[in-house]
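What follows is a single structure, written as structure tokens, with notes after it.
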Amino acid sequence: MHAGGGGGGVRTIVVASQKGGVGKTTLTGHLAVEAERQGVGPVAMIDTDPQANLSGWFGVREAETPVLVRLLPGGLRATLDALAEAGIALCLIDTPPAITDSISATVGEADLVLIPAKPSPHDLRAVGATVDIVEKAKKPMIFVVNQAVSRSKLKVDAVRALSQHGPLAPVDVHNRVDFAASMTDGRTACEVDAKSPAAEEITQLWTYIATRLQRVAQ
Ligand SMILES: Nc1ncnc2c1ncn2[C@@H]1O[C@H](COP(=O)(O)OP(=O)(O)OP(=O)(O)O)[C@@H](O)[C@H]1O
Ligand SMILES: [Mg+2]
């Protein structure tokens, strides 16, 4: 059965932001691994970014799950249908930092769009263009503050600015070297140290996203 905007029953989360370097790829990988760990799987990831950072990470990864799949020649829709047929339960899609028709089309297949934002004035101003795409497609979205720095005034401003557009995840992902370091060897911060504060943040973030997803994609 077709669920929400996703292909044939695959819950589909698109991670999008026009702004570069806000953590789209980092969060796609971390959340895919966490969702699989929490038993939501099988989980697939799709890298739609020509920079191919997610693919690069996956290329040095040893664990067998979650899987990274290539877009089929028929496009994203056909790919999601094929994933559904293969029994994949959840798909996270990483996107390039741009505003293009292709991103609008990708967002069009989402059950939920996750928009990471860094708590900087530039980043916050840039969020509007991504929000426009998501609103045009009438898709539910969630913001998440990434690379947050505790107790900074910027973070308070970020929360205020983002919450005017839509729901903000109640968990901030802080600026932690664990996130960057783990990605260089094909793992996630949670896989490197399951008890780290980074792991705790991702667990909480996924738990929140899972609740939202259940609500929107029935
Ligand atoms: N919470 C974090 N703490 C520390 N470093 C982070 C965090 N999130 C991301 N980074 C680092 O910031 C950089 C940008 O992150 P990432 O590649 O995930 O962003 P992106 O939005 O996918 O970028 P692009 O738009 O270029 O695709 C990377 O070097 C990554 O390791
Ligand atoms: Mg990226």
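Here's how to read the names in the structure tokens: chain A, B, ... by the order shown, residue numbers from 1 in each chain, ligand numbers from 1 in the order shown.
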At a cut-off of 8 Å around ligand 2, and using only C-alpha atoms and all ligand atoms, what residues come up? Please write them as a short mmCIF file (atom, residue, chain, number, x, y, z; two decimals) with C-alpha atoms, in the first residue's frame.
```cif
data_model
loop_
_atom_site.label_atom_id
_atom_site.label_comp_id
_atom_site.auth_asym_id
_atom_site.auth_seq_id
_atom_site.Cartn_x
_atom_site.Cartn_y
_atom_site.Cartn_z
CA GLY A 20 26.23 23.79 2.46
CA GLY A 21 27.94 22.15 5.40
CA GLY A 23 25.21 18.43 8.55
CA LYS A 24 22.89 16.82 5.98
CA THR A 25 25.28 13.98 5.22
CA THR A 26 26.40 13.51 8.82
CA ASP A 49 24.40 14.62 -4.05
CA GLN A 51 29.60 15.53 -4.19
CA ALA A 52 28.92 11.93 -3.09
CA ASN A 53 30.04 12.41 0.52
CA LEU A 54 27.58 9.85 1.85
CA ASP A 94 20.81 12.88 1.36
CA THR A 95 20.60 15.87 -0.98
CA PRO A 96 23.00 18.46 -2.38
CA PRO A 97 23.18 22.01 -1.00
#
```
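For range 108-159 of chain A, backbone-based DSSP assignment of strand (DSSP E or B) covers Leu112, Val113, Leu114, Ile115, Pro116, Ala117, Met141, Ile142, Phe143, Val144, Val145, Asn146, Gln147 and Ala148 of chain A.
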Could the residues of range 56-119 of chain A that have an atom at most 12 Å from range 173-181 of chain A be listed as JSON lines, each with its closest atom pair and the distance in Å to one decimal, counting only C-alpha atoms and ordered by chain and ascending residue number?
```
{"residue": "A:Trp57", "atom": "CA", "partner": "A:Ala180", "partner_atom": "CA", "distance": 11.1}
{"residue": "A:Pro116", "atom": "CA", "partner": "A:Val173", "partner_atom": "CA", "distance": 9.5}
{"residue": "A:Ala117", "atom": "CA", "partner": "A:Val173", "partner_atom": "CA", "distance": 10.1}
{"residue": "A:Lys118", "atom": "CA", "partner": "A:Asn175", "partner_atom": "CA", "distance": 9.5}
{"residue": "A:Pro119", "atom": "CA", "partner": "A:His174", "partner_atom": "CA", "distance": 10.3}
```
Dump C-alpha atoms for the selected residues as a PDB file, in the first residue's frame?
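What follows is the written file selection.pdb:
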```pdb
ATOM      1  CA  TRP A  57      31.579   7.326   3.846  1.00  0.00           C
ATOM      2  CA  PRO A 116      19.436  20.753   9.660  1.00  0.00           C
ATOM      3  CA  ALA A 117      20.536  24.286  10.469  1.00  0.00           C
ATOM      4  CA  LYS A 118      23.618  25.641  12.113  1.00  0.00           C
ATOM      5  CA  PRO A 119      22.986  28.339  14.671  1.00  0.00           C
TER       6      PRO A 119
END
```
Point to revise | Test item: residues at most 9 Å from Phe58 in chain A, only C-alpha atoms, excluding those fewer than 6 positions along its chain, as JSON, numbers by chain | key: {"A": [29, 67, 68, 186, 187]}
Using only C-alpha atoms, which protein or nucleic acid residues come within 9 Å of Thr207 in chain A? Drop anything in the same chain fewer than 5 positions from it, and give the result as a short mmCIF file (atom, residue, chain, number, x, y, z; two decimals) with N, CA and C atoms, in the first residue's frame.
```
data_model
loop_
_atom_site.label_atom_id
_atom_site.label_comp_id
_atom_site.auth_asym_id
_atom_site.auth_seq_id
_atom_site.Cartn_x
_atom_site.Cartn_y
_atom_site.Cartn_z
N ALA A 35 18.44 4.26 13.28
CA ALA A 35 17.12 3.67 13.02
C ALA A 35 17.25 2.15 12.89
N GLN A 38 17.72 0.65 16.24
CA GLN A 38 16.49 0.63 17.04
C GLN A 38 15.44 -0.32 16.47
N ILE A 202 21.93 11.44 19.19
CA ILE A 202 21.38 10.80 17.99
C ILE A 202 20.23 9.86 18.35
N ARG A 212 7.33 11.50 15.04
CA ARG A 212 6.74 12.38 14.02
C ARG A 212 6.36 11.58 12.78
#
```
Exercise for review: Can you work out the spacing between atom 24 (P, counted along the ligand's line) of ligand 1 and CA of Ala16 in chain A in Å, to one decimal?
Suggested key: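 It comes out at 9.6 Å.
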Review point. Expressed in Å to a single decimal, how great is the separation between atom 20 (P, counted along the ligand's line) of ligand 1 and CA of Leu112 in chain A?
Key: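 Between atom 20 (P, counted along the ligand's line) of ligand 1 and CA of Leu112 in chain A the gap works out to 18.1 Å.
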Practice item. Give the helix (DSSP H, G or I) residues of range 11-96 of chain A, as DSSP finds them on the backbone, and put them as a PyMOL selection string. Key: chain A and resi 24-37+53-59+76-85
Point to revise | Closest of A:Val171, A:Val43, A:Val144, A:Val33 to Thr188 in chain A - atom-to-atom distances counting only C-alpha atoms | key: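 Under the stated criterion, the closest residue is A:Val33.
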Practice item. Fewer than 6 positions away in the same chain doesn't count, so skip those; otherwise give me all residues within 8 Å of Leu114 in chain A, counting only C-alpha atoms, as an MDAnalysis selection string. Key: chainID A and resid 13:16 141:144
Extract, using only C-alpha atoms, all DNA, RNA and protein residues at most 12 Å from Asp172 in chain A, discarding same-chain residues fewer than 2 positions from it, and format them as an mmCIF file with C-alpha atoms, in the first residue's frame.
```cif
data_model
loop_
_atom_site.group_PDB
_atom_site.id
_atom_site.type_symbol
_atom_site.label_atom_id
_atom_site.label_comp_id
_atom_site.auth_asym_id
_atom_site.auth_seq_id
_atom_site.Cartn_x
_atom_site.Cartn_y
_atom_site.Cartn_z
ATOM 1 C CA LEU A 27 22.816 13.276 10.052
ATOM 2 C CA PRO A 116 19.436 20.753 9.660
ATOM 3 C CA ALA A 117 20.536 24.286 10.469
ATOM 4 C CA LYS A 118 23.618 25.641 12.113
ATOM 5 C CA PRO A 119 22.986 28.339 14.671
ATOM 6 C CA PHE A 143 14.236 21.437 11.887
ATOM 7 C CA VAL A 144 17.189 20.290 13.860
ATOM 8 C CA VAL A 145 19.892 22.552 15.223
ATOM 9 C CA ASN A 146 23.237 20.997 14.352
ATOM 10 C CA GLN A 147 26.692 21.978 15.564
ATOM 11 C CA ALA A 148 25.095 23.771 18.459
ATOM 12 C CA VAL A 149 27.308 25.338 21.077
ATOM 13 C CA SER A 150 25.876 25.103 24.577
ATOM 14 C CA ARG A 151 24.290 28.147 26.116
ATOM 15 C CA LYS A 155 21.432 29.069 19.750
ATOM 16 C CA VAL A 156 18.601 30.936 21.403
ATOM 17 C CA ALA A 158 18.326 30.001 16.103
ATOM 18 C CA VAL A 159 15.568 28.316 18.024
ATOM 19 C CA LEU A 168 12.011 22.131 15.856
ATOM 20 C CA ALA A 169 13.418 18.875 17.201
ATOM 21 C CA PRO A 170 13.611 19.073 20.988
ATOM 22 C CA HIS A 174 26.093 19.740 19.440
ATOM 23 C CA ASN A 175 29.364 20.556 17.799
ATOM 24 C CA ARG A 176 31.398 17.474 18.758
ATOM 25 C CA PRO A 197 27.050 12.254 24.509
ATOM 26 C CA ALA A 198 27.021 12.250 20.688
ATOM 27 C CA GLU A 200 22.837 9.947 23.225
ATOM 28 C CA GLU A 201 21.874 12.941 21.082
ATOM 29 C CA ILE A 202 21.376 10.805 17.987
ATOM 30 C CA THR A 203 19.320 8.268 19.926
ATOM 31 C CA GLN A 204 17.063 11.010 21.223
ATOM 32 C CA LEU A 205 16.845 12.701 17.842
ATOM 33 C CA TRP A 206 15.851 9.479 16.104
ATOM 34 C CA TYR A 208 11.676 12.094 18.204
#
```
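Closest approach to ligand 1 among A:Ala98, A:Ala32, A:Ile209, A:Leu154: A:Ala98, based on only C-alpha atoms and all ligand atoms.
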